[in-house]
Amino acid sequence: MQILINNEISKTNKNILYEIIKEKYPKNYRDYVLANVNGKIEDLNYQVFENDKIYFIKKYSHIANLSYESTIALICMLAIKKLYKDVKINIEYSVNDCLYLSVENFKISHKDVDKIKNKMEELIEKDISLIKKSYRRDEALKIFKENDKIDKYNLLESTDLEEIYIYKVLGEYFFFTNSLCPKSSWIEEFDIIYYYPGLLINYKKNENSKLLDFKEEINIPKIYERSKRWTNLLGINFASDLNNLVKNKKIESLTNVNEAYYNNQLSKCAKDIIANNMNIVMLAGPSSSGKTTTAKKLAIQLAVLGKNAYVISTDDYFLDRNKTPVDENGNKDFESIDAIDLNSLNEDLLDLLEGKEVVLPSFNFVKGIRTLSNKKIKMTENTILIIEGIHALNPKLTDCIPEKNKYKIYVSVLTGINIDSTNRISSTETRLIRRIVRDNKYRGYDTLETLKSWYSVKLGEEKYIFPYQNRADFYIDSSLIYEYNALKKYALLCFKQVSNNSKYYYMIDRLKNILSYFVEMEDTKIIDDHSILREFIGENND
């Protein structure tokens, strides 16, 4: 049989992807977790056909990493169930690149950790096949009901999905939105960490690194737990709860409550800024985290408390596009701090601190040039400057101002509703959906351009943003629990711009899969005109 692998013609007598990988990469075949086959993501149990166009995907890429994570979580859940029988395990969120799992009906103790890890190693060594099977809607509903998987039953009931894939492993049924590794033996170096009242799975995230020691992030997990308590209070735990609100036309009340929750964070932040007598506020966050809206709404909260707050966007200090620095591959590096005119920014800040009037610049993203705006500002004793941008927590950005004089805020999609008890959505994917919609509407980029740049965006975040997030004095969660329902119709329109022949189509395939579990909110006019979501979907009259 003749197939095309990574643009090279290959001949093989194998017809299953993982067998082909073993043949082609005998020493490191476990490095590959998924394959892009004719533009669609397939697991390695996929049966190959003549002339298939195949790209193998390493487990350290984002989409394959999610599959690897789900696979190791399944092995962990199997181990716990074998040891402790009638327990329910929930996949919750990521803590410093480790996956947090909680356990119901049983209290995990520190003495259980070694038992769980040993049992996982046994299961891995058995080389258990992990094969998904397609079920009709009625068949899947019956399986979920008979096996007490009520969250999955409710999910399927709340959507119009007619086909669903389920894994049956050692007599247990599992449902994952990600494809899994083909066999348990694909799982390599890992560790299990006691993290009261649950546990963490630690595994390698980078190809050339060792398993990293776990270092706790103090603030981010607190935000997750705070959000979880709040959503539990509202009776909203998974996608099905949101879907039912949309279908029963009761979602408007939630949108208003969610806006109040978000604004309450800003109110607390504003009071803390004033209590600490700060007049320079640095507000940072990764791409599409809602920095612009957060900065503007924070300025309003400060005004309520009697302060004159001005927002300065570092995006307006971008170098003209023809002067943007390039990365090691010769591509324009828009994520680099050196893509900003640091001299002009610092000179304007010094002038403002010295009481001079400054005319702020404005960057035209469509034309790729910086011009002067008609916005003039001047500081007084009652003025607070809010400087927002992806690099705002990096001392290099504003090295003219001592660190002790800066109040630092980190804003991002720090939480979000999970699809069900075993399927979480990464904040990275939420931000990508937001960015696709926003770039189409406001930045002059079509979806394909956004996808092409996303890899460098992610690299930039790892290099320039995430290392500084723990320096913040205050953390703001910009997620809206209903946003997948609201973004769906806008995103699906944008997705149509990418042909299924594109090498980036697999990313669209993944995002469409996520959104398929959410019922579309048809009337987005009910969303507040000043909502953070308006930064992405536009105003009601747009």
# chains A, B, ... in the order shown; residues from 1 in each chain; ligands from 1
>>> residues_around(residues="Phe214 of chain A", least_positions_apart="5", cutoff="8 Å", atoms="only C-alpha atoms", output="list in words")
Asn96, Cys98 and Asn202 of chain A
>>> write_last_selection(atoms="N, CA and C atoms", output="PDB file, in the first residue's frame")
ATOM      1  N   ASN A  96       0.284  24.225  37.717  1.00  0.00           N
ATOM      2  CA  ASN A  96       1.708  24.249  37.370  1.00  0.00           C
ATOM      3  C   ASN A  96       2.078  23.085  36.452  1.00  0.00           C
ATOM      4  N   CYS A  98       0.674  20.308  36.101  1.00  0.00           N
ATOM      5  CA  CYS A  98       0.254  18.999  36.597  1.00  0.00           C
ATOM      6  C   CYS A  98      -1.274  18.945  36.554  1.00  0.00           C
ATOM      7  N   ASN A 202       1.907  14.292  37.515  1.00  0.00           N
ATOM      8  CA  ASN A 202       3.011  15.063  36.945  1.00  0.00           C
ATOM      9  C   ASN A 202       3.625  14.248  35.809  1.00  0.00           C
TER      10      ASN A 202
END
>>> select_by_dssp(residues="segment 219-308 of chain A", states="strand (DSSP E)", output="list in words")
Ile280, Val281, Met282, Leu283, Ala284 and Asn308 of chain A
>>> closest_residue(among="A:Lys378, A:Gly355, A:Ile390, A:Leu266", to="Thr314 of chain A", atoms="only C-alpha atoms")
A:Ile390
>>> closest_residue(among="A:Ile192, A:Leu360, A:Ala491, A:Ile21", to="Leu211 of chain A", atoms="only C-alpha atoms")
A:Ile192
>>> residues_around(residues="segment 447-450 of chain A", least_positions_apart="2", cutoff="12 Å", atoms="only C-alpha atoms", output="PyMOL selection string")
chain A and resi 287-288+431-441+443-445+452-458+490-508
>>> atom_distance(atom1="atom CA of Val366 of chain A", atom2="atom CA of Glu535 of chain A")
17.0 Å
>>> atom_distance(atom1="atom CA of Leu78 of chain A", atom2="atom CA of Ser184 of chain A")
11.1 Å
>>> residues_around(residues="Tyr484 of chain A", least_positions_apart="2", cutoff="9 Å", atoms="only C-alpha atoms", output="short mmCIF file (atom, residue, chain, number, x, y, z; two decimals) with N, CA and C atoms, in the first residue's frame")
data_model
loop_
_atom_site.label_atom_id
_atom_site.label_comp_id
_atom_site.auth_asym_id
_atom_site.auth_seq_id
_atom_site.Cartn_x
_atom_site.Cartn_y
_atom_site.Cartn_z
N THR A 430 -9.71 28.05 24.94
CA THR A 430 -10.70 29.11 25.11
C THR A 430 -10.18 30.41 24.51
N ILE A 433 -10.19 30.36 20.64
CA ILE A 433 -11.52 30.64 20.07
C ILE A 433 -11.82 32.13 20.14
N LEU A 480 -15.87 33.61 31.40
CA LEU A 480 -17.31 33.67 31.58
C LEU A 480 -17.83 32.26 31.37
N ILE A 481 -18.56 31.74 32.33
CA ILE A 481 -18.89 30.32 32.26
C ILE A 481 -19.82 29.98 31.09
N TYR A 482 -20.49 30.98 30.54
CA TYR A 482 -21.41 30.72 29.43
C TYR A 482 -20.78 31.05 28.06
N ALA A 486 -22.05 31.31 23.87
CA ALA A 486 -22.17 32.61 23.21
C ALA A 486 -21.24 32.74 22.00
N LEU A 487 -20.03 32.19 22.10
CA LEU A 487 -19.05 32.33 21.03
C LEU A 487 -19.31 31.38 19.86
N LYS A 488 -20.09 30.35 20.10
CA LYS A 488 -20.21 29.25 19.14
C LYS A 488 -20.59 29.73 17.74
N ILE A 514 -14.99 20.63 20.48
CA ILE A 514 -15.29 21.24 21.78
C ILE A 514 -16.66 21.91 21.75
N LEU A 515 -16.88 22.75 20.74
CA LEU A 515 -18.11 23.53 20.68
C LEU A 515 -19.33 22.66 20.41
N PHE A 518 -21.73 22.17 23.30
CA PHE A 518 -22.43 23.34 23.84
C PHE A 518 -23.55 23.76 22.89
N VAL A 519 -24.71 24.04 23.44
CA VAL A 519 -25.84 24.51 22.65
C VAL A 519 -25.64 25.99 22.35
N GLU A 520 -25.81 26.34 21.11
CA GLU A 520 -25.57 27.72 20.66
C GLU A 520 -26.56 28.71 21.28
N MET A 521 -26.03 29.82 21.80
CA MET A 521 -26.87 30.91 22.27
C MET A 521 -27.19 31.78 21.06
#
>>> closest_residue(among="A:Leu352, A:Leu130, A:Leu199, A:Ile150", to="Ser185 of chain A", atoms="only C-alpha atoms")
A:Leu130
>>> closest_residue(among="A:Ile417, A:Ala35, A:Leu101, A:Ile164", to="Ser61 of chain A", atoms="only C-alpha atoms")
A:Ala35
>>> closest_residue(among="A:Asp333, A:Asp86, A:Glu259, A:Glu69", to="Asp528 of chain A", atoms="only C-alpha atoms")
A:Glu259
